[in-house]
>>> print(open('upload_15.txt').read())   # compact mmCIF, C-alpha atoms
# COMPACT_ATOMS: atom_id res chain seq x y z
CA MET G 7 -3.54 15.55 1.98
CA GLN G 8 -3.05 12.93 4.63
CA ILE G 9 -0.30 10.30 4.70
CA SER G 10 -0.82 7.32 6.99
CA PHE G 11 1.97 5.03 8.15
CA TYR G 12 0.87 1.54 9.23
CA VAL G 13 3.72 0.07 11.26
CA LEU G 14 3.41 -3.70 11.54
CA GLY G 15 4.82 -5.06 14.79
CA GLU G 16 6.65 -8.34 15.32
CA ARG G 17 3.62 -9.80 17.08
CA TYR G 18 1.33 -8.99 14.13
CA MET G 19 3.75 -10.56 11.69
CA GLN G 20 3.88 -13.79 13.72
CA GLN G 21 0.17 -14.09 14.52
CA ASP G 22 -0.99 -13.38 10.97
CA ALA G 23 1.34 -15.83 9.29
CA THR G 24 0.04 -19.12 8.02
CA ALA G 25 2.00 -22.36 8.12
CA VAL G 26 4.97 -21.27 6.03
CA SER G 27 8.45 -22.69 6.46
CA THR G 28 10.78 -19.68 6.19
CA ALA G 29 10.74 -16.37 8.04
CA SER G 30 10.83 -14.30 4.84
CA ALA G 31 7.89 -16.26 3.39
CA VAL G 32 5.99 -15.72 6.66
CA ASP G 33 6.73 -11.98 6.49
CA ALA G 34 5.66 -11.75 2.85
CA GLU G 35 2.40 -13.59 3.57
CA ALA G 36 1.62 -11.37 6.58
CA VAL G 37 2.24 -8.21 4.54
CA LEU G 38 0.00 -9.43 1.70
CA ASN G 39 -2.75 -10.30 4.18
CA PHE G 40 -2.51 -6.83 5.73
CA VAL G 41 -2.61 -5.19 2.29
CA CYS G 42 -5.77 -7.15 1.47
CA ARG G 43 -7.41 -6.11 4.76
CA LEU G 44 -6.42 -2.49 4.24
CA THR G 45 -7.71 -2.63 0.67
CA GLN G 46 -11.09 -3.89 1.90
CA THR G 47 -11.20 -1.11 4.49
CA VAL G 48 -10.44 1.58 1.90
CA LEU G 49 -13.12 0.24 -0.44
CA ASN G 50 -15.68 0.08 2.37
CA LYS G 51 -14.96 3.54 3.82
CA SER G 52 -14.10 5.65 0.80
CA GLU G 53 -15.68 6.62 -2.49
CA TYR G 54 -12.23 6.98 -4.06
CA SER G 55 -10.49 4.38 -6.17
CA LEU G 56 -7.29 2.81 -4.84
CA VAL G 57 -3.97 2.43 -6.61
CA ILE G 58 -1.41 0.04 -5.12
CA VAL G 59 2.12 0.90 -6.23
CA ASP G 60 5.02 -1.54 -5.93
CA ASP G 61 8.25 -1.73 -7.89
CA GLN G 62 8.45 -5.49 -7.23
CA THR G 63 6.52 -7.11 -10.07
CA ASN G 64 6.53 -10.53 -8.39
CA ARG G 65 4.89 -9.08 -5.26
CA LEU G 66 2.27 -7.30 -7.40
CA GLN G 67 1.47 -10.61 -9.10
CA ALA G 68 1.23 -12.38 -5.73
CA LEU G 69 -1.06 -9.62 -4.48
CA ASP G 70 -3.18 -9.97 -7.63
CA GLU G 71 -3.70 -13.66 -6.81
CA GLN G 72 -4.29 -12.94 -3.11
CA LEU G 73 -6.98 -10.34 -3.84
CA TRP G 74 -8.95 -12.91 -5.86
CA SER G 75 -9.09 -15.38 -2.99
CA PHE G 76 -8.52 -13.37 0.19
CA ASP G 77 -12.04 -13.50 1.62
CA ALA G 78 -14.51 -16.23 0.70
CA THR G 79 -17.47 -13.94 1.46
CA SER G 80 -16.41 -10.92 -0.59
CA PHE G 81 -14.69 -9.98 -3.81
CA ILE G 82 -12.12 -7.23 -4.21
CA PRO G 83 -12.53 -5.92 -7.79
CA HIS G 84 -9.12 -5.05 -9.16
CA THR G 85 -6.85 -5.05 -12.16
CA LEU G 86 -3.11 -5.56 -12.59
CA ILE G 87 -1.36 -3.32 -15.11
CA THR G 88 2.08 -4.63 -16.01
CA ASP G 89 2.99 -2.12 -18.69
CA ASN G 90 3.73 1.55 -18.09
CA GLN G 91 0.92 2.69 -20.41
CA VAL G 92 -1.47 3.93 -17.74
CA THR G 93 -4.58 5.63 -19.08
CA ALA G 94 -7.76 6.84 -17.40
CA GLU G 95 -9.58 3.82 -18.86
CA LYS G 96 -7.09 1.45 -17.28
CA LEU G 97 -7.62 3.15 -13.91
CA SER G 98 -11.37 2.54 -13.97
CA ALA G 99 -11.32 -0.47 -11.60
CA PRO G 100 -11.88 0.21 -7.90
CA VAL G 101 -8.37 -1.16 -7.21
CA THR G 102 -5.45 -1.00 -9.64
CA LEU G 103 -2.04 -2.61 -9.11
CA LEU G 104 0.82 -0.70 -10.78
CA SER G 105 4.61 -0.61 -10.79
CA SER G 106 4.75 3.21 -10.71
CA PHE G 107 2.64 6.08 -9.44
CA PRO G 108 0.30 7.40 -12.16
CA PRO G 109 0.44 11.16 -12.77
CA ASN G 110 -2.65 13.22 -11.89
CA PHE G 111 -4.24 10.45 -9.80
CA ASP G 112 -6.52 11.90 -7.13
CA GLY G 113 -7.73 8.79 -5.27
CA VAL G 114 -6.06 6.77 -2.52
CA VAL G 115 -2.55 5.37 -3.02
CA LEU G 116 -1.07 2.45 -1.11
CA ASN G 117 2.68 2.71 -1.67
CA LEU G 118 4.62 -0.53 -1.24
CA ALA G 119 7.68 0.79 -3.10
CA PRO G 120 10.82 1.49 -1.03
CA THR G 121 10.80 5.24 -1.70
CA ALA G 122 8.32 8.03 -1.08
CA LEU G 123 6.00 9.00 -3.91
CA ALA G 124 7.19 11.93 -6.01
CA LEU G 125 4.50 14.41 -4.99
CA SER G 126 4.32 18.13 -5.60
CA LYS G 127 1.89 20.52 -3.96
CA ASN G 128 1.73 22.31 -7.33
CA GLY G 129 0.14 19.36 -9.14
CA THR G 130 -2.78 17.00 -8.66
CA LEU G 131 -2.44 15.18 -5.36
CA PRO G 132 -3.98 11.93 -4.24
CA GLU G 133 -6.66 12.15 -1.57
CA ARG G 134 -4.57 10.03 0.76
CA VAL G 135 -1.34 8.01 0.77
CA LEU G 136 -0.92 4.80 2.78
CA GLU G 137 2.52 3.45 3.68
CA ILE G 138 3.27 0.07 5.30
CA ILE G 139 6.37 -0.42 7.44
CA THR G 140 7.45 -3.91 8.55
CA PRO G 141 9.60 -4.63 11.63
CA ASP G 142 12.83 -5.35 9.72
CA GLU G 143 15.60 -2.73 9.77
CA VAL G 144 15.55 -2.07 6.00
CA SER G 145 11.82 -1.29 6.03
CA LYS G 146 12.17 0.86 9.15
CA GLN G 147 14.90 2.94 7.51
CA GLN G 148 12.85 3.28 4.31
CA GLY G 149 9.92 4.37 6.49
CA ARG G 150 12.05 7.02 8.19
CA ASP G 151 13.20 8.31 4.81
CA LYS G 152 9.62 8.43 3.50
CA TYR G 153 8.42 10.17 6.66
CA ARG G 154 11.11 12.87 6.30
CA ALA G 155 10.34 13.36 2.60
CA TYR G 156 6.61 13.79 3.21
CA ARG G 157 7.16 15.95 6.31
CA ASP G 158 9.50 18.24 4.37
CA LEU G 159 6.71 18.74 1.82
CA GLY G 160 4.37 19.76 4.63
CA PHE G 161 1.85 16.91 4.46
CA GLU G 162 -0.21 15.74 7.44
CA LEU G 163 1.37 12.53 8.78
CA ILE G 164 -0.44 9.90 10.88
CA TYR G 165 1.10 6.86 12.57
CA TYR G 166 -0.82 3.63 13.25
CA PRO G 167 0.99 0.87 15.19
CA ILE G 168 -0.42 -2.57 14.25
CA ASN G 169 0.35 -5.22 16.87
>>> encode(input="upload_15.txt", output="structure tokens")
Amino acid sequence: MQISFYVLGERYMQQDATAVSTASAVDAEAVLNFVCRLTQTVLNKSEYSLVIVDDQTNRLQALDEQLWSFDATSFIPHTLITDNQVTAEKLSAPVTLLSSFPPNFDGVVLNLAPTALALSKNGTLPERVLEIITPDEVSKQQGRDKYRAYRDLGFELIYYPIN
């Protein structure tokens, strides 16, 4: 299994931001835009479904809205599941937004949560895990912790700087 770290640089965060008044709102908008682009890329290049995991419900809801209107020329089919009752039927959409990692999921996972996914080489593993790191110190430290956790489990790690 491959785990990819997408490290967003300061320049990316500034150039991708729309006219927003505060730095944190600019950062949040840039991250959501990158998630939408990455989601489109996964859907275009993979036959696997995508689960986006985030423990911040408000960010999942913002992402849900963003995916509906991100690109005027395409549609990103997705569903938002706000309860913890995840079933195979609920995971039937090409993209599913969840607050926790579903057990036995074997597609692609984009993890926006602050901690590494609880993965075991003895169970069903996702095809690929995607992690996004922003230029702030908290996200960098969380990224280091995730990197160590995945490395210690012996997974293949790839680093993509996004400037």
>>> atom_distance(input="upload_15.txt", atom1="atom CA of Leu86 of chain G", atom2="atom CA of Leu104 of chain G")
6.5 Å
>>> atom_distance(input="upload_15.txt", atom1="atom CA of Asn50 of chain G", atom2="atom CA of Ser80 of chain G")
11.4 Å
>>> closest_residue(input="upload_15.txt", among="G:Leu159, G:Leu123, G:Met19, G:Leu73", to="Val59 of chain G", atoms="all atoms listed in the file")
G:Leu123
>>> closest_residue(input="upload_15.txt", among="G:Asp142, G:Lys152, G:Leu38, G:Leu103", to="Ala124 of chain G", atoms="only C-alpha atoms")
G:Lys152
>>> atom_distance(input="upload_15.txt", atom1="atom CA of Ile138 of chain G", atom2="atom CA of Ala34 of chain G")
12.3 Å
>>> closest_residue(input="upload_15.txt", among="G:Asp61, G:Glu143, G:Glu53, G:Glu137", to="Tyr156 of chain G", atoms="only C-alpha atoms")
G:Glu137
>>> residues_around(input="upload_15.txt", residues="Val13 of chain G", least_positions_apart="4", cutoff="9 Å", atoms="only C-alpha atoms", output="list in words")
Glu137, Ile138, Ile139, Thr140, Pro141, Lys146, Gly149, Tyr165, Tyr166, Pro167, Ile168 and Asn169 of chain G
>>> residues_around(input="upload_15.txt", residues="Ile58 of chain G", least_positions_apart="3", cutoff="6 Å", atoms="all atoms listed in the file", output="list in words")
Leu103, Val115, Leu116 and Asn117 of chain G
>>> residues_near_point(input="upload_15.txt", point="(8.4, 0.6, -5.2)", cutoff="7 Å", atoms="all atoms listed in the file", output="VMD selection string")
chain G and resid 59 to 62 105 118 to 121
>>> write_last_selection(input="upload_15.txt", atoms="C-alpha atoms", output="CSV table (one decimal), in the frame of the given file")
chain,number,residue,atom,x,y,z
G,59,VAL,CA,2.1,0.9,-6.2
G,60,ASP,CA,5.0,-1.5,-5.9
G,61,ASP,CA,8.2,-1.7,-7.9
G,62,GLN,CA,8.4,-5.5,-7.2
G,105,SER,CA,4.6,-0.6,-10.8
G,118,LEU,CA,4.6,-0.5,-1.2
G,119,ALA,CA,7.7,0.8,-3.1
G,120,PRO,CA,10.8,1.5,-1.0
G,121,THR,CA,10.8,5.2,-1.7
>>> closest_residue(input="upload_15.txt", among="G:Ser10, G:Thr102, G:Asn128, G:Gln20", to="Val57 of chain G", atoms="only C-alpha atoms")
G:Thr102
>>> closest_residue(input="upload_15.txt", among="G:Ala36, G:Ala155, G:Leu97, G:Val41", to="Asp112 of chain G", atoms="all atoms listed in the file")
G:Leu97
>>> closest_residue(input="upload_15.txt", among="G:Lys127, G:Arg150, G:Arg134, G:Arg17", to="Val114 of chain G", atoms="all atoms listed in the file")
G:Arg134
>>> residues_around(input="upload_15.txt", residues="Asn110 of chain G", least_positions_apart="4", cutoff="8 Å", atoms="only C-alpha atoms", output="JSON, numbers by chain")
{"G": [129, 130, 131, 132]}
>>> residues_around(input="upload_15.txt", residues="His84 of chain G", least_positions_apart="5", cutoff="12 Å", atoms="all atoms listed in the file", output="PyMOL selection string")
chain G and resi 42+45-46+49+55-58+66-67+69-74+96-104
>>> build_atoms(input="upload_15.txt", residues="segment 58-69 of chain G", atoms="all heavy atoms", output="mmCIF file, in the frame of the given file")
data_model
loop_
_atom_site.group_PDB
_atom_site.id
_atom_site.type_symbol
_atom_site.label_atom_id
_atom_site.label_comp_id
_atom_site.auth_asym_id
_atom_site.auth_seq_id
_atom_site.Cartn_x
_atom_site.Cartn_y
_atom_site.Cartn_z
ATOM 1 N N ILE G 58 -2.481 0.644 -5.907
ATOM 2 C CA ILE G 58 -1.410 0.040 -5.120
ATOM 3 C C ILE G 58 -0.157 0.046 -5.979
ATOM 4 O O ILE G 58 -0.138 -0.521 -7.073
ATOM 5 C CB ILE G 58 -1.772 -1.384 -4.676
ATOM 6 C CG1 ILE G 58 -3.053 -1.355 -3.832
ATOM 7 C CG2 ILE G 58 -0.607 -2.020 -3.904
ATOM 8 C CD1 ILE G 58 -3.586 -2.719 -3.441
ATOM 9 N N VAL G 59 0.871 0.730 -5.489
ATOM 10 C CA VAL G 59 2.120 0.900 -6.230
ATOM 11 C C VAL G 59 3.208 0.055 -5.592
ATOM 12 O O VAL G 59 3.425 0.120 -4.377
ATOM 13 C CB VAL G 59 2.560 2.390 -6.232
ATOM 14 C CG1 VAL G 59 3.892 2.566 -6.942
ATOM 15 C CG2 VAL G 59 1.494 3.261 -6.868
ATOM 16 N N ASP G 60 3.894 -0.731 -6.413
ATOM 17 C CA ASP G 60 5.020 -1.540 -5.930
ATOM 18 C C ASP G 60 5.987 -1.749 -7.082
ATOM 19 O O ASP G 60 5.573 -2.108 -8.178
ATOM 20 C CB ASP G 60 4.522 -2.877 -5.401
ATOM 21 C CG ASP G 60 5.570 -3.622 -4.590
ATOM 22 O OD1 ASP G 60 6.758 -3.230 -4.613
ATOM 23 O OD2 ASP G 60 5.199 -4.612 -3.937
ATOM 24 N N ASP G 61 7.262 -1.526 -6.835
ATOM 25 C CA ASP G 61 8.250 -1.730 -7.890
ATOM 26 C C ASP G 61 8.672 -3.193 -8.017
ATOM 27 O O ASP G 61 9.424 -3.547 -8.906
ATOM 28 C CB ASP G 61 9.478 -0.826 -7.672
ATOM 29 C CG ASP G 61 10.229 -1.132 -6.399
ATOM 30 O OD1 ASP G 61 9.690 -1.844 -5.530
ATOM 31 O OD2 ASP G 61 11.361 -0.640 -6.258
ATOM 32 N N GLN G 62 8.166 -4.054 -7.156
ATOM 33 C CA GLN G 62 8.450 -5.490 -7.230
ATOM 34 C C GLN G 62 7.322 -6.197 -7.971
ATOM 35 O O GLN G 62 6.257 -6.461 -7.405
ATOM 36 C CB GLN G 62 8.604 -6.087 -5.833
ATOM 37 C CG GLN G 62 9.774 -5.561 -5.056
ATOM 38 C CD GLN G 62 9.861 -6.196 -3.680
ATOM 39 O OE1 GLN G 62 9.402 -7.324 -3.476
ATOM 40 N NE2 GLN G 62 10.442 -5.483 -2.741
ATOM 41 N N THR G 63 7.551 -6.499 -9.224
ATOM 42 C CA THR G 63 6.520 -7.110 -10.070
ATOM 43 C C THR G 63 6.025 -8.428 -9.493
ATOM 44 O O THR G 63 4.823 -8.711 -9.526
ATOM 45 C CB THR G 63 7.057 -7.319 -11.497
ATOM 46 O OG1 THR G 63 7.558 -6.069 -11.977
ATOM 47 C CG2 THR G 63 5.982 -7.817 -12.430
ATOM 48 N N ASN G 64 6.946 -9.235 -8.945
ATOM 49 C CA ASN G 64 6.530 -10.530 -8.390
ATOM 50 C C ASN G 64 5.590 -10.352 -7.200
ATOM 51 O O ASN G 64 4.657 -11.127 -7.015
ATOM 52 C CB ASN G 64 7.728 -11.390 -8.025
ATOM 53 C CG ASN G 64 8.654 -10.712 -7.030
ATOM 54 O OD1 ASN G 64 8.613 -9.494 -6.823
ATOM 55 N ND2 ASN G 64 9.515 -11.498 -6.407
ATOM 56 N N ARG G 65 5.787 -9.322 -6.386
ATOM 57 C CA ARG G 65 4.890 -9.080 -5.260
ATOM 58 C C ARG G 65 3.530 -8.566 -5.755
ATOM 59 O O ARG G 65 2.496 -8.926 -5.210
ATOM 60 C CB ARG G 65 5.505 -8.110 -4.255
ATOM 61 C CG ARG G 65 4.664 -7.974 -2.998
ATOM 62 C CD ARG G 65 5.374 -7.362 -1.832
ATOM 63 N NE ARG G 65 5.908 -6.051 -2.136
ATOM 64 C CZ ARG G 65 6.610 -5.321 -1.283
ATOM 65 N NH1 ARG G 65 6.860 -5.772 -0.065
ATOM 66 N NH2 ARG G 65 7.069 -4.136 -1.619
ATOM 67 N N LEU G 66 3.534 -7.747 -6.812
ATOM 68 C CA LEU G 66 2.270 -7.300 -7.400
ATOM 69 C C LEU G 66 1.466 -8.491 -7.927
ATOM 70 O O LEU G 66 0.254 -8.563 -7.752
ATOM 71 C CB LEU G 66 2.500 -6.297 -8.522
ATOM 72 C CG LEU G 66 2.752 -4.853 -8.132
ATOM 73 C CD1 LEU G 66 3.039 -4.010 -9.372
ATOM 74 C CD2 LEU G 66 1.595 -4.265 -7.356
ATOM 75 N N GLN G 67 2.157 -9.425 -8.565
ATOM 76 C CA GLN G 67 1.470 -10.610 -9.100
ATOM 77 C C GLN G 67 0.931 -11.487 -7.969
ATOM 78 O O GLN G 67 -0.178 -12.010 -8.062
ATOM 79 C CB GLN G 67 2.399 -11.387 -10.020
ATOM 80 C CG GLN G 67 2.681 -10.629 -11.296
ATOM 81 C CD GLN G 67 3.791 -11.226 -12.132
ATOM 82 O OE1 GLN G 67 4.633 -11.968 -11.639
ATOM 83 N NE2 GLN G 67 3.812 -10.876 -13.406
ATOM 84 N N ALA G 68 1.704 -11.622 -6.885
ATOM 85 C CA ALA G 68 1.230 -12.380 -5.730
ATOM 86 C C ALA G 68 0.018 -11.692 -5.092
ATOM 87 O O ALA G 68 -0.947 -12.351 -4.684
ATOM 88 C CB ALA G 68 2.353 -12.555 -4.709
ATOM 89 N N LEU G 69 0.060 -10.370 -5.025
ATOM 90 C CA LEU G 69 -1.060 -9.620 -4.480
ATOM 91 C C LEU G 69 -2.290 -9.761 -5.377
ATOM 92 O O LEU G 69 -3.414 -9.903 -4.878
ATOM 93 C CB LEU G 69 -0.679 -8.144 -4.325
ATOM 94 C CG LEU G 69 -1.741 -7.226 -3.740
ATOM 95 C CD1 LEU G 69 -2.208 -7.719 -2.371
ATOM 96 C CD2 LEU G 69 -1.207 -5.806 -3.647
#
